file start-v7.txt (compact mmCIF, C-alpha atoms and all ligand atoms)
# COMPACT_ATOMS: atom_id res chain seq x y z
CA MET X 1 12.86 18.48 -20.64
CA SER X 2 9.52 18.32 -18.90
CA GLU X 3 7.82 20.41 -16.27
CA LEU X 4 5.02 19.78 -13.80
CA ARG X 5 2.40 22.47 -13.42
CA PHE X 6 -0.06 22.38 -10.57
CA ASP X 7 -3.73 22.92 -11.38
CA PRO X 8 -5.11 24.55 -8.22
CA PHE X 9 -8.73 23.82 -9.18
CA GLY X 10 -8.37 20.06 -9.62
CA ARG X 11 -5.42 20.01 -7.20
CA GLU X 12 -3.48 17.81 -9.54
CA TRP X 13 -0.24 17.93 -11.48
CA ILE X 14 -0.21 18.32 -15.25
CA THR X 15 2.97 17.25 -17.03
CA ILE X 16 4.16 19.59 -19.77
CA SER X 17 6.45 17.67 -22.09
CA ALA X 18 6.62 19.65 -25.31
CA ARG X 19 9.38 17.55 -26.85
CA ARG X 20 7.06 14.53 -27.17
CA LEU X 21 5.54 16.06 -30.30
CA GLY X 22 8.64 14.86 -32.17
CA ARG X 23 8.14 11.19 -31.30
CA PRO X 24 7.86 8.72 -34.15
CA VAL X 25 4.59 7.53 -35.61
CA THR X 26 5.05 4.51 -37.83
CA ASP X 27 2.69 2.47 -39.91
CA ALA X 28 2.70 -1.30 -39.83
CA GLN X 29 4.16 -1.72 -43.31
CA ALA X 30 7.09 0.60 -42.72
CA PHE X 31 10.23 0.27 -40.62
CA CYS X 32 9.53 -0.84 -37.05
CA PRO X 33 11.95 0.65 -34.51
CA PHE X 34 11.14 -2.12 -32.02
CA CYS X 35 11.94 -5.16 -34.18
CA PRO X 36 15.34 -6.64 -33.25
CA ALA X 37 18.18 -5.35 -35.40
CA PRO X 38 20.87 -7.81 -36.48
CA ALA X 39 23.67 -8.31 -33.94
CA GLY X 40 26.60 -6.04 -34.74
CA ALA X 41 24.44 -3.57 -36.63
CA GLY X 42 25.97 -0.74 -34.64
CA PRO X 43 24.30 1.73 -32.34
CA ALA X 44 21.43 2.55 -34.71
CA ALA X 45 21.20 1.22 -38.21
CA ILE X 46 18.51 3.70 -39.13
CA ASP X 47 17.90 6.99 -37.41
CA GLY X 48 15.26 6.53 -34.77
CA SER X 49 15.98 2.85 -34.19
CA GLU X 50 15.40 1.97 -30.56
CA ALA X 51 15.48 -1.80 -30.58
CA PRO X 52 18.10 -3.79 -28.72
CA ARG X 53 20.88 -5.14 -30.90
CA GLY X 54 20.50 -8.81 -31.70
CA ASP X 55 17.68 -10.99 -30.46
CA TYR X 56 15.79 -10.67 -27.19
CA GLU X 57 12.88 -12.27 -25.36
CA VAL X 58 11.59 -9.31 -23.35
CA ALA X 59 13.46 -6.00 -23.49
CA VAL X 60 13.26 -2.83 -21.39
CA PHE X 61 14.78 0.53 -22.25
CA GLU X 62 14.36 4.19 -21.40
CA ASN X 63 11.89 6.02 -23.62
CA ARG X 64 13.77 8.38 -25.97
CA PHE X 65 10.71 10.65 -25.94
CA PRO X 66 9.87 10.53 -22.25
CA SER X 67 7.07 12.29 -20.47
CA PHE X 68 9.27 12.37 -17.39
CA GLY X 69 12.92 12.69 -16.66
CA GLY X 70 15.70 14.37 -18.57
CA PRO X 71 18.36 16.80 -17.48
CA ALA X 72 17.02 20.22 -18.42
CA ALA X 73 15.69 22.64 -15.85
CA PRO X 74 12.07 23.66 -16.39
CA GLU X 75 11.24 26.77 -18.33
CA GLY X 76 9.12 29.15 -16.30
CA GLY X 77 5.60 29.95 -17.41
CA GLY X 78 5.96 33.69 -17.11
CA PRO X 79 5.13 35.95 -14.17
CA ALA X 80 3.77 34.25 -11.07
CA VAL X 81 -0.02 34.03 -10.78
CA PRO X 82 -1.67 33.09 -7.46
CA GLY X 83 -2.12 29.34 -7.01
CA GLN X 84 0.26 28.48 -9.82
CA ARG X 85 3.43 26.56 -9.12
CA THR X 86 5.77 24.33 -11.02
CA ALA X 87 8.13 21.47 -10.28
CA PRO X 88 10.77 19.77 -12.39
CA GLY X 89 9.40 16.84 -14.39
CA LEU X 90 11.57 14.28 -12.66
CA GLY X 91 10.59 10.64 -12.77
CA ARG X 92 11.09 7.82 -15.23
CA ALA X 93 9.63 6.48 -18.46
CA GLU X 94 10.47 3.03 -19.79
CA ILE X 95 9.29 0.93 -22.71
CA VAL X 96 8.84 -2.83 -22.38
CA LEU X 97 8.97 -4.92 -25.56
CA TYR X 98 6.86 -8.04 -25.02
CA SER X 99 8.37 -10.15 -27.76
CA PRO X 100 10.88 -9.93 -30.64
CA ARG X 101 8.00 -10.83 -32.96
CA HIS X 102 6.03 -7.98 -34.48
CA ASP X 103 2.77 -9.85 -35.10
CA VAL X 104 1.92 -11.20 -31.63
CA HIS X 105 0.20 -9.85 -28.51
CA LEU X 106 -0.54 -10.94 -24.95
CA ALA X 107 -2.95 -13.69 -26.03
CA THR X 108 -0.66 -15.22 -28.66
CA ILE X 109 2.76 -14.91 -27.02
CA PRO X 110 3.46 -18.42 -25.63
CA GLU X 111 2.84 -18.78 -21.91
CA PRO X 112 6.55 -18.81 -20.88
CA GLY X 113 6.99 -15.47 -22.65
CA VAL X 114 4.12 -13.85 -20.73
CA ARG X 115 5.41 -15.42 -17.52
CA LEU X 116 8.81 -13.78 -18.18
CA LEU X 117 7.06 -10.47 -18.92
CA VAL X 118 5.35 -10.61 -15.51
CA ASP X 119 8.77 -11.05 -13.86
CA VAL X 120 10.15 -8.10 -15.83
CA TRP X 121 7.21 -5.90 -14.80
CA ALA X 122 7.76 -6.88 -11.16
CA GLU X 123 11.50 -6.29 -11.34
CA ARG X 124 11.18 -2.88 -12.99
CA THR X 125 8.42 -1.89 -10.54
CA ALA X 126 10.78 -2.58 -7.64
CA ALA X 127 13.68 -0.84 -9.38
CA LEU X 128 11.77 2.36 -10.20
CA ALA X 129 10.21 2.43 -6.71
CA ALA X 130 13.74 2.62 -5.32
CA ASP X 131 14.41 5.84 -7.29
CA PRO X 132 13.97 8.77 -4.87
CA ALA X 133 12.47 10.86 -7.70
CA VAL X 134 9.59 8.37 -8.11
CA ASP X 135 6.42 8.43 -5.98
CA TYR X 136 4.34 5.95 -8.01
CA VAL X 137 5.18 3.23 -10.51
CA PHE X 138 2.57 2.59 -13.18
CA VAL X 139 2.79 -0.34 -15.60
CA PHE X 140 0.43 0.06 -18.53
CA GLU X 141 -0.27 -0.81 -22.15
CA ASN X 142 -2.17 1.13 -24.77
CA ARG X 143 -3.20 -1.42 -27.38
CA GLY X 144 -4.52 -0.20 -30.71
CA ARG X 145 -4.43 3.05 -32.65
CA ASP X 146 -7.76 3.96 -31.06
CA VAL X 147 -6.05 4.45 -27.70
CA GLY X 148 -3.04 6.26 -29.09
CA GLN X 149 -0.65 3.42 -29.79
CA THR X 150 1.84 4.82 -32.30
CA ILE X 151 4.04 1.75 -32.92
CA ASP X 152 2.32 -1.58 -33.61
CA HIS X 153 5.05 -3.80 -32.16
CA PRO X 154 3.70 -5.44 -28.96
CA HIS X 155 4.89 -3.30 -26.10
CA GLY X 156 3.85 -1.54 -22.93
CA GLN X 157 5.20 1.26 -20.82
CA ILE X 158 6.20 1.96 -17.26
CA TYR X 159 5.99 5.44 -15.82
CA GLY X 160 7.68 6.39 -12.59
CA TYR X 161 5.63 9.44 -11.64
CA PRO X 162 7.17 12.10 -9.41
CA PHE X 163 3.77 12.26 -7.65
CA VAL X 164 0.91 9.86 -6.82
CA PRO X 165 -1.53 10.20 -9.76
CA PRO X 166 -4.91 11.71 -8.83
CA ARG X 167 -7.04 8.62 -9.41
CA VAL X 168 -4.75 6.50 -7.25
CA ALA X 169 -4.54 9.19 -4.56
CA ARG X 170 -8.33 9.42 -4.43
CA GLU X 171 -8.75 5.66 -4.23
CA LEU X 172 -6.09 5.44 -1.55
CA ALA X 173 -8.10 7.84 0.61
CA HIS X 174 -11.19 5.68 0.14
CA VAL X 175 -9.57 2.32 0.95
CA ARG X 176 -7.88 3.93 3.94
CA GLU X 177 -11.24 5.19 5.18
CA HIS X 178 -12.88 1.78 4.64
CA ARG X 179 -10.04 0.09 6.53
CA ARG X 180 -10.41 2.52 9.40
CA GLU X 181 -14.20 2.21 9.64
CA GLU X 182 -14.72 -1.48 8.81
CA GLY X 183 -11.36 -2.94 9.73
CA GLU X 184 -10.97 -4.75 6.42
CA CYS X 185 -9.59 -4.35 2.91
CA LEU X 186 -12.33 -3.04 0.63
CA GLN X 187 -11.08 -5.07 -2.36
CA CYS X 188 -10.87 -8.31 -0.33
CA ALA X 189 -14.46 -7.76 0.84
CA VAL X 190 -15.69 -6.94 -2.68
CA LEU X 191 -13.89 -9.93 -4.15
CA GLN X 192 -15.47 -12.34 -1.65
CA GLY X 193 -18.90 -10.87 -2.33
CA GLU X 194 -18.44 -11.05 -6.10
CA GLU X 195 -17.39 -14.70 -5.89
CA ARG X 196 -20.58 -15.49 -3.96
CA ALA X 197 -22.76 -13.47 -6.37
CA GLY X 198 -21.13 -14.87 -9.50
CA ALA X 199 -22.93 -12.77 -12.12
CA ARG X 200 -19.93 -10.58 -12.92
CA ILE X 201 -17.22 -13.26 -12.74
CA VAL X 202 -15.55 -13.77 -16.12
CA ASP X 203 -12.82 -16.29 -15.37
CA ARG X 204 -10.81 -17.90 -12.58
CA GLU X 205 -7.26 -19.11 -12.29
CA ALA X 206 -5.40 -20.49 -9.27
CA GLY X 207 -5.46 -17.65 -6.76
CA TRP X 208 -6.90 -15.13 -9.25
CA VAL X 209 -10.31 -13.90 -10.35
CA ALA X 210 -11.27 -11.93 -13.47
CA LEU X 211 -14.47 -9.94 -13.13
CA VAL X 212 -16.40 -7.04 -14.58
CA PRO X 213 -16.70 -4.46 -11.79
CA PHE X 214 -20.13 -3.64 -10.38
CA ALA X 215 -19.83 -0.05 -11.70
CA PRO X 216 -17.39 -0.06 -14.64
CA HIS X 217 -16.02 3.08 -16.25
CA PHE X 218 -15.38 1.37 -19.61
CA PRO X 219 -17.38 -1.10 -21.73
CA PHE X 220 -16.25 -4.68 -21.02
CA GLU X 221 -13.87 -3.44 -18.33
CA VAL X 222 -12.26 -6.40 -16.55
CA HIS X 223 -10.31 -6.46 -13.31
CA LEU X 224 -7.80 -9.22 -12.62
CA LEU X 225 -7.51 -9.61 -8.86
CA PRO X 226 -5.32 -11.86 -6.72
CA ARG X 227 -7.42 -13.59 -4.04
CA ARG X 228 -4.61 -13.12 -1.56
CA HIS X 229 -4.23 -9.60 -0.16
CA VAL X 230 -1.18 -8.55 -2.19
CA GLY X 231 -0.16 -4.93 -2.74
CA SER X 232 1.87 -4.92 -5.93
CA LEU X 233 3.54 -7.09 -8.56
CA PRO X 234 6.86 -7.64 -6.74
CA ASP X 235 4.91 -9.16 -3.80
CA LEU X 236 3.45 -11.97 -5.94
CA ALA X 237 4.81 -15.47 -5.28
CA ALA X 238 6.12 -17.56 -8.17
CA GLN X 239 2.96 -19.63 -8.56
CA GLU X 240 0.80 -16.47 -8.39
CA ARG X 241 2.85 -14.94 -11.21
CA ALA X 242 2.38 -18.07 -13.33
CA ALA X 243 -1.38 -18.03 -12.74
CA PHE X 244 -1.50 -14.29 -13.50
CA ALA X 245 0.28 -14.93 -16.82
CA ARG X 246 -2.28 -17.59 -17.76
CA LEU X 247 -5.20 -15.33 -16.82
CA LEU X 248 -3.70 -12.40 -18.74
CA ARG X 249 -3.47 -14.50 -21.91
CA ARG X 250 -7.02 -15.82 -21.57
CA THR X 251 -8.47 -12.38 -20.83
CA VAL X 252 -6.96 -10.87 -23.99
CA ALA X 253 -8.07 -13.96 -25.96
CA ARG X 254 -11.64 -13.35 -24.73
CA TYR X 255 -11.40 -9.71 -25.83
CA ASP X 256 -10.16 -10.71 -29.26
CA GLY X 257 -12.96 -13.26 -29.64
CA LEU X 258 -15.62 -10.80 -28.53
CA HIS X 259 -15.93 -8.73 -31.71
CA GLY X 260 -13.70 -10.84 -33.94
CA HIS X 261 -10.70 -8.51 -33.97
CA PRO X 262 -8.11 -7.26 -31.47
CA LEU X 263 -10.09 -5.11 -29.05
CA PRO X 264 -8.41 -1.76 -28.38
CA TYR X 265 -7.78 -1.37 -24.68
CA MET X 266 -5.74 0.28 -21.97
CA MET X 267 -4.25 -2.16 -19.48
CA CYS X 268 -3.46 -0.49 -16.16
CA VAL X 269 -1.60 -2.12 -13.28
CA PHE X 270 -2.75 -0.39 -10.11
CA GLY X 271 -0.22 -1.41 -7.51
CA ALA X 272 0.33 0.05 -4.08
CA PRO X 273 1.81 3.53 -3.81
CA HIS X 274 5.16 2.49 -2.34
CA ALA X 275 5.70 5.49 -0.09
CA ILE X 276 2.55 5.23 2.05
CA PRO X 277 3.17 4.71 5.77
CA GLU X 278 0.66 1.83 6.20
CA GLY X 279 2.31 -0.34 3.55
CA ASP X 280 -0.28 -3.09 3.42
CA ILE X 281 -3.62 -1.37 2.88
CA TRP X 282 -3.62 -1.55 -0.95
CA HIS X 283 -4.90 -4.54 -2.96
CA LEU X 284 -3.32 -5.07 -6.39
CA ARG X 285 -5.66 -4.65 -9.37
CA VAL X 286 -4.90 -5.11 -13.04
CA ALA X 287 -7.60 -3.28 -14.97
CA PHE X 288 -8.37 -3.75 -18.65
CA GLN X 289 -10.22 -0.73 -20.00
CA PRO X 290 -11.47 -1.27 -23.56
CA VAL X 291 -12.81 1.59 -25.65
CA GLU X 292 -15.16 -0.32 -27.98
CA ARG X 293 -18.80 -0.66 -26.91
CA ALA X 294 -19.87 -2.83 -29.87
CA ALA X 295 -18.13 -4.33 -32.88
CA GLY X 296 -16.35 -1.47 -34.64
CA ARG X 297 -18.12 1.18 -32.56
CA LEU X 298 -15.83 3.19 -30.35
CA LYS X 299 -16.82 4.43 -26.95
CA TYR X 300 -15.70 8.05 -27.03
CA LEU X 301 -14.67 9.57 -23.76
CA ALA X 302 -16.39 12.80 -24.65
CA GLY X 303 -18.09 15.65 -22.83
CA SER X 304 -19.54 13.76 -19.90
CA GLU X 305 -16.55 11.47 -19.29
CA SER X 306 -13.63 13.76 -20.17
CA GLY X 307 -15.35 17.00 -19.27
CA ALA X 308 -17.39 16.21 -16.20
CA GLY X 309 -15.68 12.99 -15.13
CA ALA X 310 -19.07 11.21 -15.19
CA TYR X 311 -19.04 7.83 -16.96
CA LEU X 312 -22.03 6.26 -18.71
CA GLN X 313 -22.55 2.67 -19.91
CA ASP X 314 -25.17 1.55 -22.38
CA ALA X 315 -25.08 -2.13 -21.35
CA THR X 316 -25.26 -3.83 -17.97
CA PRO X 317 -22.02 -5.08 -16.39
CA GLU X 318 -23.73 -8.48 -15.93
CA SER X 319 -24.37 -8.76 -19.70
CA MET X 320 -20.76 -7.71 -20.37
CA ALA X 321 -19.50 -10.50 -18.10
CA ALA X 322 -21.83 -13.04 -19.74
CA ALA X 323 -20.60 -12.05 -23.21
CA LEU X 324 -16.97 -12.42 -22.15
CA ARG X 325 -17.65 -15.79 -20.46
CA GLY X 326 -19.35 -16.96 -23.66
CA VAL X 327 -16.38 -16.33 -25.95
CA ALA X 328 -15.26 -19.66 -27.38
CA MET X 329 -11.71 -20.30 -26.18
ZN ZN R 1 8.27 -4.68 -34.84
ZN ZN R 2 -7.23 -7.01 0.06
call {"tool": "encode", "arguments": {"input": "start-v7.txt", "output": "structure tokens"}}
result
Amino acid sequence: MSELRFDPFGREWITISARRLGRPVTDAQAFCPFCPAPAGAGPAAIDGSEAPRGDYEVAVFENRFPSFGGPAAPEGGGPAVPGQRTAPGLGRAEIVLYSPRHDVHLATIPEPGVRLLVDVWAERTAALAADPAVDYVFVFENRGRDVGQTIDHPHGQIYGYPFVPPRVARELAHVREHRREEGECLQCAVLQGEERAGARIVDREAGWVALVPFAPHFPFEVHLLPRRHVGSLPDLAAQERAAFARLLRRTVARYDGLHGHPLPYMMCVFGAPHAIPEGDIWHLRVAFQPVERAAGRLKYLAGSESGAGAYLQDATPESMAAALRGVAM
């Protein structure tokens, strides 16, 4: 179904998943495949329906149009060329429905619902990490058509990659080096410094801090960080999960108050790669990466960002944090 191809120049895997072109694109007025179907409606009332039968609070199911997984052996790419190799696109792809309601999102789902969602994320992270085909579990959400969301129903995704993604692998090398040279967790040290400095702090919740990073990649980027040195979602204690849920809701509410409409963003949960030998060197980070630099004006990841990998901001991170702090809650 899918195939990994190794790019010897970037030394990274590219996933070729041609079947994904057939996945559904719906508009908000039309049939939503994620709204709950009536109990007893049968396996699929309408072709393409994916929703659980009956009602649900939070639901998880395998993506019918996955980037990873599936039984078929990879198709070869023709005669061998030096440096080129392939691997089967093993791994997992799941969809998480946040709510049975179509018209809500992380800020407007009641707190117990977001708290349950955090538990589901943690549980699925542990479950996919136990799959021998999975090297990295990535919980994420693309919110808004501007970041490629194709179905408006509030949902996120979980990928179980059959490799450690390049950005995570690079960061792992850096935190490992910092640990070796300074004897401390880089994120713990940064977090303590940011709390003293204060200018980039957006919000606080018991055991958690929300801040704009010193050098953000995206406009109004916010990192949610546990104060305790915790590696990934399953390691969070019950009270830390509850506080995380509250901070998640408030962060999205700030975003939605910023420009007066739901801000398109990518939410990325960067947990520890579970297969690393020194299990405790990673510090959990939940990164919100919006793509709007001003009201209605998209930040395009164009030549410099997508081409050269060099990110530019046209506002200071300190002014971004002040704007987010100033949103009336
Ligand atoms: Zn729906
Ligand atoms: Zn730490």
call {"tool": "residues_near_point", "arguments": {"input": "start-v7.txt", "point": "(14.6, -11.2, -19.1)", "cutoff": "10 Å", "atoms": "all atoms listed in the file", "output": "PyMOL selection string"}}
result
chain X and resi 56-60+113+116-120+123
call {"tool": "residues_near_ligand", "arguments": {"input": "start-v7.txt", "ligand": "ligand ZN 1 (chain R)", "cutoff": "8 Å", "atoms": "only C-alpha atoms and all ligand atoms", "output": "ChimeraX atom specification"}}
result
/X:31-36,100-103,151-154
call {"tool": "closest_residue", "arguments": {"input": "start-v7.txt", "among": "X:Pro166, X:Gly231, X:Gly198, X:Gly148", "to": "ligand ZN 2 (chain R)", "atoms": "all atoms listed in the file"}}
result
X:Gly231
call {"tool": "residues_near_point", "arguments": {"input": "start-v7.txt", "point": "(9.0, -1.1, -20.1)", "cutoff": "6 Å", "atoms": "only C-alpha atoms", "output": "ChimeraX atom specification"}}
result
/X:60,94-96,156-158
call {"tool": "closest_residue", "arguments": {"input": "start-v7.txt", "among": "X:Arg325, X:Leu248, X:Tyr311, X:Glu221", "to": "X:Ala287", "atoms": "only C-alpha atoms"}}
result
X:Glu221
call {"tool": "residues_around", "arguments": {"input": "start-v7.txt", "residues": "X:Leu263", "least_positions_apart": "6", "cutoff": "9 Å", "atoms": "only C-alpha atoms", "output": "list in words"}}
result
Arg143, Gly144, Val252, Tyr255, Asp256, Gly257, Pro290, Val291, Glu292 and Ala295 of chain X
call {"tool": "closest_atom_pairs", "arguments": {"input": "start-v7.txt", "of": "chain X", "to": "ligand ZN 2 (chain R)", "cutoff": "7 Å", "atoms": "all atoms listed in the file", "output": "Markdown table"}}
result
| residue | atom | partner | partner_atom | distance |
| --- | --- | --- | --- | --- |
| X:Cys185 | CA | R:ZN2 | ZN | 4.6 |
| X:Leu186 | CA | R:ZN2 | ZN | 6.5 |
| X:Gln187 | CA | R:ZN2 | ZN | 4.9 |
| X:Cys188 | CA | R:ZN2 | ZN | 3.9 |
| X:Arg228 | CA | R:ZN2 | ZN | 6.8 |
| X:His229 | CA | R:ZN2 | ZN | 4.0 |
| X:Val230 | CA | R:ZN2 | ZN | 6.6 |
| X:Trp282 | CA | R:ZN2 | ZN | 6.6 |
| X:His283 | CA | R:ZN2 | ZN | 4.5 |
call {"tool": "axis_aligned_box", "arguments": {"input": "start-v7.txt", "around": "stretch 232-242 of chain X", "padding_each_side": "4 Å", "output": "JSON"}}
result
{"center_x": 3.8, "center_y": -12.3, "center_z": -8.6, "size_x": 14.1, "size_y": 22.7, "size_z": 17.5}
call {"tool": "atom_distance", "arguments": {"input": "start-v7.txt", "atom1": "atom CA of X:Phe220", "atom2": "atom CA of X:Leu324"}}
result
7.9 Å
call {"tool": "residues_around", "arguments": {"input": "start-v7.txt", "residues": "stretch 167-171 of chain X", "least_positions_apart": "3", "cutoff": "9 Å", "atoms": "all atoms listed in the file", "output": "count of residues only"}}
result
7
call {"tool": "residues_around", "arguments": {"input": "start-v7.txt", "residues": "X:Thr86", "least_positions_apart": "3", "cutoff": "7 Å", "atoms": "all atoms listed in the file", "output": "compact mmCIF listing (two decimals) with C-alpha atoms, in the frame of the given file"}}
result
# COMPACT_ATOMS: atom_id res chain seq x y z
CA GLU X 3 7.82 20.41 -16.27
CA LEU X 4 5.02 19.78 -13.80
CA ARG X 5 2.40 22.47 -13.42
CA PHE X 6 -0.06 22.38 -10.57
call {"tool": "closest_residue", "arguments": {"input": "start-v7.txt", "among": "X:Glu182, X:Ala322, X:Ser17, X:Ala245", "to": "X:Thr108", "atoms": "all atoms listed in the file"}}
result
X:Ala245
call {"tool": "closest_residue", "arguments": {"input": "start-v7.txt", "among": "X:Arg285, X:Arg92, X:His155, X:His217", "to": "X:Ser304", "atoms": "all atoms listed in the file"}}
result
X:His217
call {"tool": "atom_distance", "arguments": {"input": "start-v7.txt", "atom1": "atom CA of X:Gln239", "atom2": "atom CA of X:Pro226"}}
result
11.5 Å
call {"tool": "atom_distance", "arguments": {"input": "start-v7.txt", "atom1": "atom CA of X:Pro110", "atom2": "atom CA of X:Gly326"}}
result
22.9 Å
call {"tool": "closest_residue", "arguments": {"input": "start-v7.txt", "among": "X:Pro112, X:Gly296, X:Gly271, X:Gly260", "to": "X:Phe138", "atoms": "all atoms listed in the file"}}
result
X:Gly271
call {"tool": "closest_residue", "arguments": {"input": "start-v7.txt", "among": "X:Val327, X:Ala122, X:Leu225, X:Ala18", "to": "X:Ala237", "atoms": "all atoms listed in the file"}}
result
X:Ala122
call {"tool": "decode", "arguments": {"input": "start-v7.txt", "residues": "stretch 165-227 of chain X", "atoms": "C-alpha atoms", "output": "PDB file, in the first residue's frame"}}
result
ATOM      1  CA  PRO X 165      11.129  11.480  11.750  1.00  0.00           C
ATOM      2  CA  PRO X 166      14.046  13.728  10.732  1.00  0.00           C
ATOM      3  CA  ARG X 167      13.155  16.733  12.882  1.00  0.00           C
ATOM      4  CA  VAL X 168      12.855  14.556  15.980  1.00  0.00           C
ATOM      5  CA  ALA X 169      16.048  12.660  15.155  1.00  0.00           C
ATOM      6  CA  ARG X 170      17.953  15.923  14.759  1.00  0.00           C
ATOM      7  CA  GLU X 171      16.598  17.324  18.010  1.00  0.00           C
ATOM      8  CA  LEU X 172      17.385  14.087  19.807  1.00  0.00           C
ATOM      9  CA  ALA X 173      21.031  14.433  18.781  1.00  0.00           C
ATOM     10  CA  HIS X 174      21.080  17.988  20.142  1.00  0.00           C
ATOM     11  CA  VAL X 175      19.473  17.238  23.521  1.00  0.00           C
ATOM     12  CA  ARG X 176      21.750  14.226  23.874  1.00  0.00           C
ATOM     13  CA  GLU X 177      24.782  16.421  23.231  1.00  0.00           C
ATOM     14  CA  HIS X 178      23.567  19.067  25.711  1.00  0.00           C
ATOM     15  CA  ARG X 179      22.996  16.378  28.336  1.00  0.00           C
ATOM     16  CA  ARG X 180      26.481  15.007  27.784  1.00  0.00           C
ATOM     17  CA  GLU X 181      28.220  18.390  27.909  1.00  0.00           C
ATOM     18  CA  GLU X 182      26.147  20.223  30.542  1.00  0.00           C
ATOM     19  CA  GLY X 183      24.704  17.328  32.504  1.00  0.00           C
ATOM     20  CA  GLU X 184      21.154  18.657  32.298  1.00  0.00           C
ATOM     21  CA  CYS X 185      18.000  18.528  30.201  1.00  0.00           C
ATOM     22  CA  LEU X 186      18.051  21.378  27.683  1.00  0.00           C
ATOM     23  CA  GLN X 187      14.273  21.892  27.896  1.00  0.00           C
ATOM     24  CA  CYS X 188      14.294  21.950  31.732  1.00  0.00           C
ATOM     25  CA  ALA X 189      17.048  24.583  31.628  1.00  0.00           C
ATOM     26  CA  VAL X 190      15.249  26.663  28.978  1.00  0.00           C
ATOM     27  CA  LEU X 191      11.959  26.441  30.850  1.00  0.00           C
ATOM     28  CA  GLN X 192      13.514  27.685  34.104  1.00  0.00           C
ATOM     29  CA  GLY X 193      15.190  30.555  32.257  1.00  0.00           C
ATOM     30  CA  GLU X 194      11.988  31.502  30.443  1.00  0.00           C
ATOM     31  CA  GLU X 195      10.043  31.554  33.710  1.00  0.00           C
ATOM     32  CA  ARG X 196      12.602  33.962  35.175  1.00  0.00           C
ATOM     33  CA  ALA X 197      12.624  36.146  32.043  1.00  0.00           C
ATOM     34  CA  GLY X 198       8.847  36.187  31.676  1.00  0.00           C
ATOM     35  CA  ALA X 199       8.567  38.090  28.379  1.00  0.00           C
ATOM     36  CA  ARG X 200       7.593  35.055  26.320  1.00  0.00           C
ATOM     37  CA  ILE X 201       5.319  33.356  28.868  1.00  0.00           C
ATOM     38  CA  VAL X 202       1.728  33.180  27.618  1.00  0.00           C
ATOM     39  CA  ASP X 203      -0.050  31.231  30.338  1.00  0.00           C
ATOM     40  CA  ARG X 204       0.484  28.945  33.319  1.00  0.00           C
ATOM     41  CA  GLU X 205      -1.421  26.033  34.749  1.00  0.00           C
ATOM     42  CA  ALA X 206      -0.539  23.733  37.642  1.00  0.00           C
ATOM     43  CA  GLY X 207       2.707  22.088  36.575  1.00  0.00           C
ATOM     44  CA  TRP X 208       2.560  23.495  33.025  1.00  0.00           C
ATOM     45  CA  VAL X 209       3.787  26.556  31.164  1.00  0.00           C
ATOM     46  CA  ALA X 210       2.681  27.915  27.772  1.00  0.00           C
ATOM     47  CA  LEU X 211       5.272  30.068  26.048  1.00  0.00           C
ATOM     48  CA  VAL X 212       6.323  31.446  22.692  1.00  0.00           C
ATOM     49  CA  PRO X 213       9.768  29.989  21.979  1.00  0.00           C
ATOM     50  CA  PHE X 214      12.761  32.321  21.788  1.00  0.00           C
ATOM     51  CA  ALA X 215      13.218  31.458  18.083  1.00  0.00           C
ATOM     52  CA  PRO X 216       9.848  30.312  16.702  1.00  0.00           C
ATOM     53  CA  HIS X 217       9.397  28.723  13.290  1.00  0.00           C
ATOM     54  CA  PHE X 218       5.752  29.812  12.996  1.00  0.00           C
ATOM     55  CA  PRO X 219       3.897  33.060  13.808  1.00  0.00           C
ATOM     56  CA  PHE X 220       2.334  32.851  17.293  1.00  0.00           C
ATOM     57  CA  GLU X 221       3.904  29.436  17.848  1.00  0.00           C
ATOM     58  CA  VAL X 222       3.228  28.252  21.397  1.00  0.00           C
ATOM     59  CA  HIS X 223       4.834  25.400  23.310  1.00  0.00           C
ATOM     60  CA  LEU X 224       3.004  23.732  26.181  1.00  0.00           C
ATOM     61  CA  LEU X 225       5.610  22.294  28.532  1.00  0.00           C
ATOM     62  CA  PRO X 226       5.278  20.256  31.719  1.00  0.00           C
ATOM     63  CA  ARG X 227       7.504  21.703  34.459  1.00  0.00           C
TER      64      ARG X 227
END
